[in-house]
file final_17.txt (compact mmCIF, C-alpha atoms)
# COMPACT_ATOMS: atom_id res chain seq x y z
CA MET A 850 -32.29 1.65 -2.59
CA SER A 851 -29.53 -0.41 -4.18
CA ASP A 852 -27.18 -0.56 -7.12
CA HIS A 853 -28.19 -4.22 -7.28
CA ALA A 854 -31.95 -3.61 -7.13
CA SER A 855 -32.48 -5.34 -10.46
CA ASP A 856 -30.80 -8.50 -9.15
CA PHE A 857 -33.10 -9.18 -6.21
CA VAL A 858 -36.12 -8.00 -4.28
CA LEU A 859 -36.90 -8.02 -0.57
CA GLN A 860 -40.20 -9.76 0.10
CA ALA A 861 -41.82 -8.97 3.44
CA ILE A 862 -42.91 -12.14 5.22
CA SER A 863 -44.01 -12.99 8.75
CA PHE A 864 -42.20 -14.96 11.40
CA ASP A 865 -45.16 -17.36 11.38
CA THR A 866 -44.42 -18.29 7.77
CA LEU A 867 -40.62 -18.36 8.17
CA GLU A 868 -39.95 -22.07 7.88
CA GLY A 869 -37.69 -23.40 10.62
CA TRP A 870 -37.82 -20.26 12.75
CA LYS A 871 -39.71 -21.87 15.65
CA ASP A 872 -37.09 -24.62 15.92
CA ASP A 873 -34.11 -22.29 16.35
CA ASP A 874 -32.42 -21.08 19.53
CA PRO A 875 -30.65 -17.75 18.82
CA SER A 876 -29.76 -17.19 22.50
CA GLY A 877 -26.02 -17.17 21.79
CA LEU A 878 -26.19 -14.10 19.58
CA PHE A 879 -26.72 -11.50 22.30
CA GLU A 880 -23.12 -11.34 23.51
CA VAL A 881 -21.93 -10.90 19.92
CA MET A 882 -24.51 -8.16 19.36
CA ARG A 883 -23.15 -6.31 22.39
CA SER A 884 -19.66 -6.57 20.87
CA CYS A 885 -20.99 -5.16 17.59
CA ARG A 886 -22.56 -2.22 19.42
CA ARG A 887 -19.25 -1.40 21.12
CA GLN A 888 -17.45 -1.54 17.77
CA ILE A 889 -19.99 0.80 16.14
CA THR A 890 -20.22 3.33 18.97
CA ASP A 891 -16.67 3.26 20.37
CA VAL A 892 -14.58 2.63 17.24
CA LYS A 893 -16.43 3.32 14.00
CA PRO A 894 -19.67 2.37 12.22
CA TYR A 895 -19.68 -0.41 9.68
CA ARG A 896 -19.59 0.51 6.01
CA THR A 897 -23.10 0.73 4.56
CA GLY A 898 -23.79 -1.74 1.75
CA SER A 899 -25.71 -0.85 -1.38
CA LEU A 900 -28.93 -2.23 0.12
CA GLY A 901 -28.89 0.99 2.13
CA LEU A 902 -29.06 -0.44 5.65
CA SER A 903 -26.63 1.37 7.95
CA SER A 904 -25.14 0.90 11.40
CA GLU A 905 -27.52 3.68 12.48
CA ASP A 906 -30.44 1.48 11.38
CA LEU A 907 -29.00 -1.41 13.39
CA LEU A 908 -28.30 0.46 16.64
CA PRO A 909 -31.84 0.34 18.10
CA LEU A 910 -31.77 -3.45 17.90
CA LEU A 911 -28.28 -3.62 19.43
CA ALA A 912 -29.26 -1.20 22.19
CA ALA A 913 -32.28 -3.32 23.06
CA ALA A 914 -30.03 -6.39 23.20
CA GLU A 915 -27.59 -4.70 25.59
CA ASP A 916 -29.44 -5.64 28.78
CA PHE A 917 -31.52 -8.52 27.48
CA THR A 918 -30.81 -12.04 28.70
CA PRO A 919 -33.02 -14.69 27.12
CA SER A 920 -34.57 -17.13 29.57
CA SER A 921 -35.40 -19.68 26.88
CA PRO A 922 -35.16 -20.23 23.13
CA ALA A 923 -38.71 -18.89 22.83
CA SER A 924 -37.80 -15.68 24.66
CA ALA A 925 -34.77 -15.21 22.41
CA ARG A 926 -36.96 -15.59 19.32
CA ALA A 927 -39.58 -13.26 20.84
CA PHE A 928 -36.92 -10.56 21.18
CA PHE A 929 -36.29 -10.57 17.44
CA GLU A 930 -40.01 -10.87 16.68
CA THR A 931 -40.58 -7.71 18.75
CA HIS A 932 -37.76 -5.62 17.29
CA CYS A 933 -37.50 -6.79 13.64
CA ARG A 934 -39.41 -7.75 10.55
CA PRO A 935 -38.22 -10.57 8.27
CA PHE A 936 -37.67 -10.00 4.55
CA LEU A 937 -36.93 -12.89 2.21
CA ILE A 938 -34.14 -12.07 -0.24
CA ARG A 939 -35.56 -13.24 -3.56
CA ARG A 940 -33.26 -13.30 -6.59
CA THR A 941 -34.95 -12.06 -9.73
CA ASP A 942 -33.30 -14.77 -11.84
CA GLY A 943 -35.29 -17.38 -9.95
CA ASN A 944 -32.24 -19.13 -8.49
CA SER A 945 -32.00 -19.92 -4.80
CA GLY A 946 -29.32 -18.57 -2.51
CA PHE A 947 -26.16 -20.56 -1.85
CA VAL A 948 -23.99 -21.28 1.20
CA THR A 949 -20.50 -22.60 1.69
CA ALA A 950 -18.55 -22.68 4.96
CA PHE A 951 -15.20 -21.61 6.36
CA TYR A 952 -13.18 -22.31 9.48
CA GLU A 953 -10.04 -21.29 11.34
CA PRO A 954 -7.28 -23.85 10.68
CA ASP A 955 -4.72 -24.92 13.28
CA ILE A 956 -1.25 -24.81 11.72
CA ASP A 957 2.06 -25.98 13.18
CA VAL A 958 4.64 -23.24 12.60
CA SER A 959 8.14 -22.11 13.46
CA GLU A 960 9.46 -18.62 14.16
CA GLN A 961 12.50 -19.40 12.02
CA PRO A 962 12.73 -21.23 8.69
CA ASP A 963 14.55 -24.54 8.32
CA GLU A 964 14.42 -27.54 6.01
CA ILE A 965 10.97 -28.49 7.38
CA PHE A 966 9.32 -25.12 7.97
CA ARG A 967 9.81 -23.39 4.62
CA PHE A 968 6.57 -21.64 3.66
CA PRO A 969 5.90 -18.20 5.15
CA PHE A 970 2.85 -16.22 6.18
CA TYR A 971 3.57 -12.61 5.22
CA ARG A 972 2.61 -9.32 6.81
CA ARG A 973 1.33 -6.53 4.61
CA PRO A 974 4.20 -5.01 2.58
CA ASP A 975 4.80 -1.27 2.83
CA ASP A 976 4.56 -0.83 -0.95
CA LEU A 977 1.02 -2.24 -1.03
CA ILE A 978 -1.47 0.62 -1.14
CA ASP A 979 -5.26 0.88 -1.05
CA LEU A 980 -6.80 1.80 -4.40
CA ASP A 981 -9.94 3.76 -5.14
CA ASP A 982 -11.40 5.50 -8.18
CA ALA A 983 -9.06 8.46 -7.62
CA ASN A 984 -5.73 6.62 -7.71
CA ARG A 985 -6.46 3.39 -9.62
CA PRO A 986 -4.62 3.29 -12.97
CA ALA A 987 -6.86 3.03 -16.02
CA GLU A 988 -5.36 -0.33 -16.97
CA LEU A 989 -6.47 -1.93 -13.69
CA ASP A 990 -10.00 -3.28 -13.39
CA LYS A 991 -12.22 -1.49 -10.86
CA THR A 992 -12.24 -4.67 -8.74
CA TYR A 993 -8.63 -3.97 -7.75
CA ALA A 994 -8.75 -2.58 -4.21
CA PHE A 995 -4.97 -2.83 -3.76
CA GLY A 996 -1.92 -2.08 -5.89
CA ARG A 997 1.81 -1.41 -5.73
CA LEU A 998 3.32 2.03 -5.36
CA HIS A 999 6.86 1.87 -6.72
CA GLU A 1000 8.99 4.87 -7.64
CA GLY A 1001 5.93 7.07 -7.77
CA ARG A 1002 3.97 4.79 -10.09
CA VAL A 1003 0.93 2.68 -9.18
CA ALA A 1004 0.57 -0.74 -10.81
CA ALA A 1005 -0.80 -4.20 -10.07
CA TYR A 1006 0.98 -5.96 -7.21
CA PRO A 1007 2.92 -9.14 -8.05
CA ASP A 1008 0.68 -12.20 -7.89
CA ARG A 1009 0.84 -15.55 -6.07
CA ARG A 1010 3.37 -17.04 -8.47
CA ALA A 1011 5.76 -14.10 -8.18
CA ILE A 1012 5.50 -14.03 -4.39
CA ASP A 1013 5.95 -17.82 -4.12
CA GLN A 1014 9.05 -17.45 -6.31
CA GLY A 1015 10.62 -14.98 -3.89
CA PHE A 1016 9.38 -11.46 -4.62
CA LEU A 1017 9.07 -10.62 -0.90
CA GLU A 1018 12.14 -12.47 0.40
CA GLY A 1019 14.58 -10.47 2.50
CA ARG A 1020 12.13 -7.79 3.59
CA GLY A 1021 11.46 -9.15 7.08
CA LEU A 1022 7.74 -9.58 6.48
CA GLU A 1023 7.48 -13.19 7.62
CA ILE A 1024 5.24 -13.82 10.65
CA ALA A 1025 6.00 -17.55 10.82
CA TRP A 1026 6.81 -20.50 8.59
CA ALA A 1027 4.62 -23.56 7.94
CA LYS A 1028 5.53 -27.02 6.68
CA SER A 1029 3.20 -27.11 3.71
CA LYS A 1030 2.58 -24.77 0.79
CA VAL A 1031 -0.90 -26.27 0.50
CA ASP A 1032 -1.62 -25.48 4.16
CA VAL A 1033 -0.58 -21.86 3.58
CA PHE A 1034 -2.80 -21.68 0.48
CA PHE A 1035 -5.86 -22.88 2.38
CA VAL A 1036 -5.20 -20.41 5.21
CA HIS A 1037 -5.31 -17.75 2.49
CA VAL A 1038 -8.70 -19.10 1.43
CA GLN A 1039 -10.00 -19.13 5.03
CA GLY A 1040 -8.51 -15.74 5.92
CA ALA A 1041 -7.33 -16.62 9.43
CA ALA A 1042 -5.50 -19.32 11.41
CA ARG A 1043 -4.36 -20.35 14.86
CA LEU A 1044 -0.61 -20.85 14.85
CA ARG A 1045 0.89 -23.54 17.08
CA TYR A 1046 4.56 -22.80 17.72
CA GLU A 1047 7.11 -25.47 18.62
CA ASP A 1048 7.39 -24.16 22.20
CA GLY A 1049 3.65 -24.65 22.75
CA ARG A 1050 2.72 -21.01 22.31
CA ILE A 1051 -0.46 -20.25 20.37
CA GLY A 1052 -0.62 -17.29 18.04
CA ARG A 1053 -3.29 -16.03 15.73
CA ILE A 1054 -3.21 -14.41 12.32
CA THR A 1055 -6.07 -12.74 10.50
CA TYR A 1056 -6.57 -11.01 7.18
CA ALA A 1057 -4.76 -7.69 6.72
CA ALA A 1058 -4.87 -7.08 2.95
CA LYS A 1059 -4.56 -8.82 -0.40
CA ALA A 1060 -2.41 -8.32 -3.45
CA GLY A 1061 -5.50 -7.20 -5.35
CA HIS A 1062 -5.99 -9.84 -8.02
CA ALA A 1063 -9.37 -11.54 -8.33
CA PHE A 1064 -9.93 -14.82 -6.49
CA SER A 1065 -9.96 -17.83 -8.83
CA ALA A 1066 -11.25 -21.09 -7.38
CA ILE A 1067 -8.89 -24.00 -7.98
CA GLY A 1068 -11.78 -26.41 -7.40
CA LYS A 1069 -13.51 -24.99 -10.46
CA LEU A 1070 -10.26 -25.42 -12.43
CA LEU A 1071 -9.98 -29.08 -11.42
CA ILE A 1072 -13.64 -29.69 -12.35
CA GLU A 1073 -13.13 -28.08 -15.77
CA ARG A 1074 -10.08 -30.26 -16.37
CA GLY A 1075 -12.01 -33.39 -15.45
CA GLU A 1076 -9.76 -34.12 -12.47
CA ILE A 1077 -12.58 -34.05 -9.88
CA ASP A 1078 -16.27 -34.63 -10.56
CA GLN A 1079 -18.41 -31.61 -9.77
CA ALA A 1080 -20.61 -33.69 -7.46
CA GLU A 1081 -17.54 -34.66 -5.42
CA ILE A 1082 -15.84 -31.28 -5.10
CA SER A 1083 -14.86 -30.24 -1.57
CA MET A 1084 -11.82 -28.92 0.27
CA GLN A 1085 -10.99 -32.52 1.21
CA ALA A 1086 -11.21 -33.68 -2.41
CA ILE A 1087 -8.98 -30.83 -3.58
CA ARG A 1088 -6.40 -31.56 -0.86
CA ALA A 1089 -6.42 -35.26 -1.75
CA TRP A 1090 -5.87 -34.47 -5.44
CA LEU A 1091 -2.97 -32.11 -4.63
CA ALA A 1092 -1.40 -34.76 -2.37
CA CYS A 1093 -1.57 -37.29 -5.21
CA ASN A 1094 -0.22 -34.86 -7.83
CA PRO A 1095 2.71 -33.06 -6.19
CA GLU A 1096 4.24 -32.17 -9.56
CA SER A 1097 1.14 -30.08 -10.37
CA VAL A 1098 0.77 -28.27 -7.04
CA ASP A 1099 2.49 -25.02 -8.03
CA GLU A 1100 0.73 -24.71 -11.36
CA VAL A 1101 -2.71 -25.32 -9.83
CA LEU A 1102 -2.20 -23.01 -6.84
CA TRP A 1103 -0.82 -20.26 -9.10
CA HIS A 1104 -4.09 -20.37 -11.03
CA ASN A 1105 -5.45 -18.37 -8.07
CA ARG A 1106 -3.40 -15.19 -8.47
CA SER A 1107 -4.95 -13.68 -5.34
CA TYR A 1108 -2.52 -13.49 -2.41
CA ILE A 1109 -3.42 -12.70 1.20
CA PHE A 1110 -1.36 -10.80 3.77
CA PHE A 1111 -1.93 -11.20 7.49
CA ARG A 1112 -1.55 -9.41 10.78
CA GLU A 1113 -0.95 -10.97 14.15
CA ALA A 1114 -4.04 -10.88 16.33
CA PRO A 1115 -4.22 -11.00 20.14
CA VAL A 1116 -5.14 -14.33 21.72
CA ALA A 1117 -7.03 -13.24 24.82
CA ASP A 1118 -9.09 -16.44 24.69
CA PRO A 1119 -7.83 -19.27 22.48
CA GLN A 1120 -11.29 -20.83 22.61
CA ALA A 1121 -12.99 -17.72 21.22
CA GLY A 1122 -13.36 -17.41 17.48
CA PRO A 1123 -11.07 -15.24 15.37
CA ILE A 1124 -11.75 -11.55 14.96
CA ALA A 1125 -12.78 -11.06 11.36
CA ALA A 1126 -13.91 -8.15 9.17
CA ALA A 1127 -16.56 -6.87 11.60
CA LYS A 1128 -13.85 -6.63 14.28
CA VAL A 1129 -15.67 -8.88 16.76
CA PRO A 1130 -14.96 -12.56 17.59
CA LEU A 1131 -16.77 -14.99 15.32
CA LEU A 1132 -19.22 -17.38 16.98
CA ALA A 1133 -19.11 -20.87 15.51
CA GLY A 1134 -22.28 -21.82 13.69
CA ARG A 1135 -23.77 -18.35 14.10
CA SER A 1136 -21.43 -16.11 12.08
CA LEU A 1137 -21.94 -15.49 8.38
CA ALA A 1138 -19.69 -13.98 5.74
CA VAL A 1139 -21.68 -11.89 3.24
CA ASP A 1140 -21.08 -9.64 0.26
CA ARG A 1141 -20.21 -6.39 1.99
CA LEU A 1142 -20.83 -4.37 -1.17
CA ILE A 1143 -24.52 -5.20 -0.68
CA HIS A 1144 -24.95 -5.97 3.01
CA THR A 1145 -23.82 -4.26 6.20
CA PHE A 1146 -22.09 -6.08 9.05
CA GLY A 1147 -24.03 -6.80 12.22
CA PHE A 1148 -27.42 -7.51 10.64
CA PRO A 1149 -29.20 -10.79 11.45
CA PHE A 1150 -29.92 -13.30 8.69
CA PHE A 1151 -32.02 -16.43 9.04
CA ILE A 1152 -30.47 -19.10 6.84
CA ARG A 1153 -32.36 -22.24 5.90
CA ALA A 1154 -30.55 -24.83 3.79
CA GLU A 1155 -32.78 -27.89 3.53
CA SER A 1156 -30.13 -30.15 2.01
CA LEU A 1157 -27.44 -29.12 4.52
CA THR A 1158 -27.78 -31.63 7.35
CA HIS A 1159 -24.31 -32.63 8.54
CA LEU A 1160 -23.81 -29.48 10.65
CA ASP A 1161 -26.86 -30.27 12.78
CA HIS A 1162 -26.64 -34.03 13.35
CA GLY A 1163 -28.83 -34.93 10.39
CA ARG A 1164 -31.32 -32.10 10.78
CA THR A 1165 -31.85 -29.33 8.26
CA PHE A 1166 -29.63 -26.28 8.86
CA GLN A 1167 -31.94 -23.43 9.89
CA ARG A 1168 -30.40 -20.76 12.11
CA LEU A 1169 -30.36 -17.08 12.83
CA MET A 1170 -26.87 -15.75 12.17
CA LEU A 1171 -25.07 -12.40 12.22
CA ALA A 1172 -23.24 -10.98 9.20
CA LEU A 1173 -19.71 -10.58 10.60
CA ASP A 1174 -17.30 -11.28 7.76
CA THR A 1175 -16.83 -11.16 4.00
CA GLY A 1176 -14.71 -12.87 1.37
CA SER A 1177 -13.53 -12.61 -2.22
CA ALA A 1178 -15.76 -15.48 -3.34
CA ILE A 1179 -18.85 -14.25 -1.48
CA ILE A 1180 -20.64 -12.32 -4.21
CA GLY A 1181 -24.36 -11.66 -4.44
CA PRO A 1182 -27.35 -10.80 -2.28
CA ALA A 1183 -28.15 -14.38 -1.19
CA ARG A 1184 -24.64 -15.79 -0.89
CA GLY A 1185 -23.09 -16.67 2.45
CA ASP A 1186 -20.20 -18.45 4.11
CA ILE A 1187 -20.94 -20.17 7.45
CA PHE A 1188 -18.20 -20.11 10.11
CA THR A 1189 -17.96 -23.62 11.58
CA GLY A 1190 -15.29 -22.97 14.22
CA SER A 1191 -11.58 -23.65 14.75
CA GLY A 1192 -9.46 -26.73 14.25
CA GLU A 1193 -9.53 -29.95 12.26
CA MET A 1194 -13.09 -31.04 13.04
CA ALA A 1195 -14.42 -27.62 12.05
CA GLY A 1196 -12.48 -27.97 8.81
CA GLU A 1197 -14.02 -31.37 8.13
CA SER A 1198 -17.47 -29.83 8.62
CA ALA A 1199 -16.77 -26.75 6.51
CA GLY A 1200 -15.10 -28.46 3.57
CA THR A 1201 -18.20 -30.16 2.18
CA VAL A 1202 -20.75 -27.34 2.55
CA ARG A 1203 -22.07 -26.34 -0.89
CA ASN A 1204 -25.82 -26.04 -0.55
CA ALA A 1205 -28.81 -24.12 -1.85
CA ALA A 1206 -30.27 -21.90 0.87
CA ASP A 1207 -32.98 -19.38 1.61
CA PHE A 1208 -31.77 -16.03 2.98
CA THR A 1209 -34.06 -13.91 5.15
CA ILE A 1210 -32.73 -10.64 6.54
CA LEU A 1211 -34.19 -9.28 9.79
CA ILE A 1212 -34.56 -5.51 9.55
CA PRO A 1213 -35.09 -3.41 12.70
CA ASN A 1214 -38.62 -1.98 12.79
CA ALA A 1215 -37.71 1.68 12.34
CA ALA A 1216 -35.94 0.94 9.04
CA THR A 1217 -38.54 -1.35 7.49
CA GLY A 1218 -40.63 1.43 5.92
CA ARG A 1219 -38.06 1.86 3.16
CA PHE A 1220 -38.58 -1.73 2.01
CA ASP A 1221 -42.38 -2.14 2.08

call {"tool": "encode", "arguments": {"input": "final_17.txt", "output": "structure tokens"}}
result
Amino acid sequence: MSDHASDFVLQAISFDTLEGWKDDDPSGLFEVMRSCRRQITDVKPYRTGSLGLSSEDLLPLLAAAEDFTPSSPASARAFFETHCRPFLIRRTDGNSGFVTAFYEPDIDVSEQPDEIFRFPFYRRPDDLIDLDDANRPAELDKTYAFGRLHEGRVAAYPDRRAIDQGFLEGRGLEIAWAKSKVDVFFVHVQGAARLRYEDGRIGRITYAAKAGHAFSAIGKLLIERGEIDQAEISMQAIRAWLACNPESVDEVLWHNRSYIFFREAPVADPQAGPIAAAKVPLLAGRSLAVDRLIHTFGFPFFIRAESLTHLDHGRTFQRLMLALDTGSAIIGPARGDIFTGSGEMAGESAGTVRNAADFTILIPNAATGRFD
């Protein structure tokens, strides 16, 4: 069933015993499910994770959703109750699942650099190549999915420090320039941004590739150094520390050698969410980034995080979500990143999410026999 079968088990449960289910309104998911079906059937199926669930397994659910319009929260829940069975993802080490959150920042940018706008967002370089087991050099860890092809030789791509110090200058790869190196860094962490140009135009960038190096959390570094207490760590706390310690910014940011390249994305509807790894617009509060080595995009997950209350006006977070994105730090069967939306308020909401959570995957009926 899974390369990770020893790490977790799927425990069949009932919707009646799924705590929080009867309080949720998943009505907003149907439009996104229709977008997923178009992506799978018209473009290409999603990559199958090691759990073994495929786009083919998902299609009956998406087909049923095509012409279904819920008349109430209860009817929306009844749709999933009819077409799926819930399975609790139970880690064999006894630990609970864990959620963080991400958002799409709004960044003021310029098309040309000057003394204010000095920090670029780069497109994917032409010497960055995809790596697999066939072409990855022996000296590179198997986690490297990208490398540099230079004069016929494949090697690790230069890291954040080298790129910040000018490795890519003069190659015409800049999409736009921002005012703050820290802003650029956090867009790398989020994987997308809305760009606000000086003439009022709005652009959008989204993940295209990465240099290949492993993600290293600078929050963890600051905790280990005693700079920020673990109980207080958040995006806001990290930003505040960087603002108060400008002489240390480069050294701390360079700790995360990972570097992200972007592509410009169409802005058909500025109010719609960014198009992420599943190639459909993210829906705020209902889109989840998962470990794509295990899970397959498009599948529904019911997430219940009892201690996470600030996203739902003081109530426990308990929602059905769709797996639509992934991320370097999202590793494990019960690990997720909640998309909170676009702009500053969404960032305020996302920055403090670090909560234990229960993960329940909804598996379409025809595929459930493999997991009983």

call {"tool": "closest_residue", "arguments": {"input": "final_17.txt", "among": "A:Ser876, A:Gln860, A:Thr1158, A:Ser1107", "to": "A:Asp1013", "atoms": "all atoms listed in the file"}}
result
A:Ser1107

call {"tool": "residues_around", "arguments": {"input": "final_17.txt", "residues": "A:Ser920", "least_positions_apart": "6", "cutoff": "12 Å", "atoms": "only C-alpha atoms", "output": "VMD selection string"}}
result
chain A and resid 874 to 877 926 to 928

call {"tool": "residues_near_point", "arguments": {"input": "final_17.txt", "point": "(-30.5, -5.5, 26.0)", "cutoff": "12 Å", "atoms": "only C-alpha atoms", "output": "PyMOL selection string"}}
result
chain A and resi 878-883+886+908-919+925+928-929+932

call {"tool": "residues_around", "arguments": {"input": "final_17.txt", "residues": "A:Gly1052", "least_positions_apart": "4", "cutoff": "8 Å", "atoms": "only C-alpha atoms", "output": "PDB file with C-alpha atoms, in the coordinates of the input"}}
result
ATOM      1  CA  ARG A1043      -4.360 -20.350  14.860  1.00  0.00           C
ATOM      2  CA  LEU A1044      -0.610 -20.850  14.850  1.00  0.00           C
ATOM      3  CA  ARG A1045       0.890 -23.540  17.080  1.00  0.00           C
ATOM      4  CA  TYR A1046       4.560 -22.800  17.720  1.00  0.00           C
ATOM      5  CA  GLU A1113      -0.950 -10.970  14.150  1.00  0.00           C
ATOM      6  CA  ALA A1114      -4.040 -10.880  16.330  1.00  0.00           C
ATOM      7  CA  PRO A1115      -4.220 -11.000  20.140  1.00  0.00           C
ATOM      8  CA  VAL A1116      -5.140 -14.330  21.720  1.00  0.00           C
TER       9      VAL A1116
END

call {"tool": "atom_distance", "arguments": {"input": "final_17.txt", "atom1": "atom CA of A:Gly946", "atom2": "atom CA of A:Asp1207"}}
result
5.6 Å

call {"tool": "closest_residue", "arguments": {"input": "final_17.txt", "among": "A:Met1170, A:Ile956, A:Leu900, A:Ala950", "to": "A:Ser1029", "atoms": "all atoms listed in the file"}}
result
A:Ile956

call {"tool": "closest_residue", "arguments": {"input": "final_17.txt", "among": "A:Gly1181, A:Gly1196, A:Pro1149, A:Gly1134", "to": "A:Cys885", "atoms": "all atoms listed in the file"}}
result
A:Pro1149

call {"tool": "residues_near_point", "arguments": {"input": "final_17.txt", "point": "(-10.7, -9.1, 8.7)", "cutoff": "10 Å", "atoms": "all atoms listed in the file", "output": "list of chain:residue names"}}
result
A:Gly1040, A:Ala1041, A:Ile1054, A:Thr1055, A:Tyr1056, A:Ala1057, A:Ala1058, A:Phe1111, A:Arg1112, A:Pro1123, A:Ile1124, A:Ala1125, A:Ala1126, A:Ala1127, A:Lys1128, A:Val1129, A:Leu1173, A:Asp1174, A:Thr1175, A:Gly1176

call {"tool": "residues_around", "arguments": {"input": "final_17.txt", "residues": "A:Ser1198", "least_positions_apart": "4", "cutoff": "8 Å", "atoms": "all atoms listed in the file", "output": "compact mmCIF listing (two decimals) with C-alpha atoms, keeping the file's coordinate frame"}}
result
# COMPACT_ATOMS: atom_id res chain seq x y z
CA HIS A 1159 -24.31 -32.63 8.54
CA LEU A 1160 -23.81 -29.48 10.65
CA THR A 1189 -17.96 -23.62 11.58
CA MET A 1194 -13.09 -31.04 13.04
CA VAL A 1202 -20.75 -27.34 2.55

call {"tool": "closest_residue", "arguments": {"input": "final_17.txt", "among": "A:Ile1180, A:Ile938, A:Glu1047, A:Leu1017", "to": "A:Asp976", "atoms": "all atoms listed in the file"}}
result
A:Leu1017

call {"tool": "residues_around", "arguments": {"input": "final_17.txt", "residues": "A:Val1036", "least_positions_apart": "3", "cutoff": "9 Å", "atoms": "only C-alpha atoms", "output": "number ranges by chain"}}
result
A: 953-954, 956, 1031-1033, 1039-1042, 1109

call {"tool": "residues_around", "arguments": {"input": "final_17.txt", "residues": "A:Leu980", "least_positions_apart": "4", "cutoff": "8 Å", "atoms": "all atoms listed in the file", "output": "ChimeraX atom specification"}}
result
/A:984-985,993-996

call {"tool": "atom_distance", "arguments": {"input": "final_17.txt", "atom1": "atom CA of A:Ile1212", "atom2": "atom CA of A:Gly869"}}
result
18.2 Å

call {"tool": "atom_distance", "arguments": {"input": "final_17.txt", "atom1": "atom CA of A:Pro962", "atom2": "atom CA of A:Pro1095"}}
result
21.5 Å

call {"tool": "closest_residue", "arguments": {"input": "final_17.txt", "among": "A:Ala1183, A:Ala1086, A:Leu1070, A:Ile1051", "to": "A:Glu1100", "atoms": "all atoms listed in the file"}}
result
A:Leu1070

call {"tool": "closest_residue", "arguments": {"input": "final_17.txt", "among": "A:Gly1049, A:Gly1147, A:Gly1061, A:Gly1068", "to": "A:Ser959", "atoms": "all atoms listed in the file"}}
result
A:Gly1049

call {"tool": "decode", "arguments": {"input": "final_17.txt", "residues": "stretch 1023-1034 of chain A", "atoms": "N, CA, C and O atoms", "output": "PDB file, in the first residue's frame"}}
result
ATOM      1  N   GLU A1023      14.951  38.547 -13.867  1.00  0.00           N
ATOM      2  CA  GLU A1023      14.153  39.248 -12.870  1.00  0.00           C
ATOM      3  C   GLU A1023      12.713  39.462 -13.373  1.00  0.00           C
ATOM      4  O   GLU A1023      12.503  39.973 -14.470  1.00  0.00           O
ATOM      5  N   ILE A1024      11.752  39.101 -12.540  1.00  0.00           N
ATOM      6  CA  ILE A1024      10.340  39.390 -12.836  1.00  0.00           C
ATOM      7  C   ILE A1024       9.992  40.789 -12.360  1.00  0.00           C
ATOM      8  O   ILE A1024       9.332  41.561 -13.063  1.00  0.00           O
ATOM      9  N   ALA A1025      10.422  41.117 -11.144  1.00  0.00           N
ATOM     10  CA  ALA A1025      10.164  42.429 -10.538  1.00  0.00           C
ATOM     11  C   ALA A1025      11.081  42.561  -9.336  1.00  0.00           C
ATOM     12  O   ALA A1025      11.705  41.584  -8.898  1.00  0.00           O
ATOM     13  N   TRP A1026      11.164  43.788  -8.821  1.00  0.00           N
ATOM     14  CA  TRP A1026      12.016  44.065  -7.665  1.00  0.00           C
ATOM     15  C   TRP A1026      11.167  44.546  -6.496  1.00  0.00           C
ATOM     16  O   TRP A1026      10.267  45.382  -6.671  1.00  0.00           O
ATOM     17  N   ALA A1027      11.473  44.040  -5.294  1.00  0.00           N
ATOM     18  CA  ALA A1027      10.794  44.446  -4.071  1.00  0.00           C
ATOM     19  C   ALA A1027      11.698  45.341  -3.235  1.00  0.00           C
ATOM     20  O   ALA A1027      12.889  45.471  -3.514  1.00  0.00           O
ATOM     21  N   LYS A1028      11.111  45.934  -2.195  1.00  0.00           N
ATOM     22  CA  LYS A1028      11.865  46.856  -1.342  1.00  0.00           C
ATOM     23  C   LYS A1028      12.661  46.143  -0.258  1.00  0.00           C
ATOM     24  O   LYS A1028      13.620  46.706   0.284  1.00  0.00           O
ATOM     25  N   SER A1029      12.244  44.927   0.085  1.00  0.00           N
ATOM     26  CA  SER A1029      12.772  44.283   1.275  1.00  0.00           C
ATOM     27  C   SER A1029      13.241  42.866   0.986  1.00  0.00           C
ATOM     28  O   SER A1029      12.495  42.060   0.433  1.00  0.00           O
ATOM     29  N   LYS A1030      14.467  42.575   1.396  1.00  0.00           N
ATOM     30  CA  LYS A1030      14.995  41.213   1.279  1.00  0.00           C
ATOM     31  C   LYS A1030      14.182  40.245   2.136  1.00  0.00           C
ATOM     32  O   LYS A1030      13.968  39.084   1.766  1.00  0.00           O
ATOM     33  N   VAL A1031      13.715  40.729   3.284  1.00  0.00           N
ATOM     34  CA  VAL A1031      12.913  39.879   4.166  1.00  0.00           C
ATOM     35  C   VAL A1031      11.567  39.564   3.513  1.00  0.00           C
ATOM     36  O   VAL A1031      11.078  38.431   3.591  1.00  0.00           O
ATOM     37  N   ASP A1032      10.956  40.549   2.851  1.00  0.00           N
ATOM     38  CA  ASP A1032       9.705  40.288   2.129  1.00  0.00           C
ATOM     39  C   ASP A1032       9.912  39.209   1.067  1.00  0.00           C
ATOM     40  O   ASP A1032       9.087  38.297   0.922  1.00  0.00           O
ATOM     41  N   VAL A1033      10.991  39.319   0.312  1.00  0.00           N
ATOM     42  CA  VAL A1033      11.279  38.324  -0.728  1.00  0.00           C
ATOM     43  C   VAL A1033      11.443  36.944  -0.100  1.00  0.00           C
ATOM     44  O   VAL A1033      10.904  35.940  -0.592  1.00  0.00           O
ATOM     45  N   PHE A1034      12.171  36.879   1.013  1.00  0.00           N
ATOM     46  CA  PHE A1034      12.382  35.595   1.697  1.00  0.00           C
ATOM     47  C   PHE A1034      11.054  34.950   2.080  1.00  0.00           C
ATOM     48  O   PHE A1034      10.838  33.752   1.855  1.00  0.00           O
TER      49      PHE A1034
END
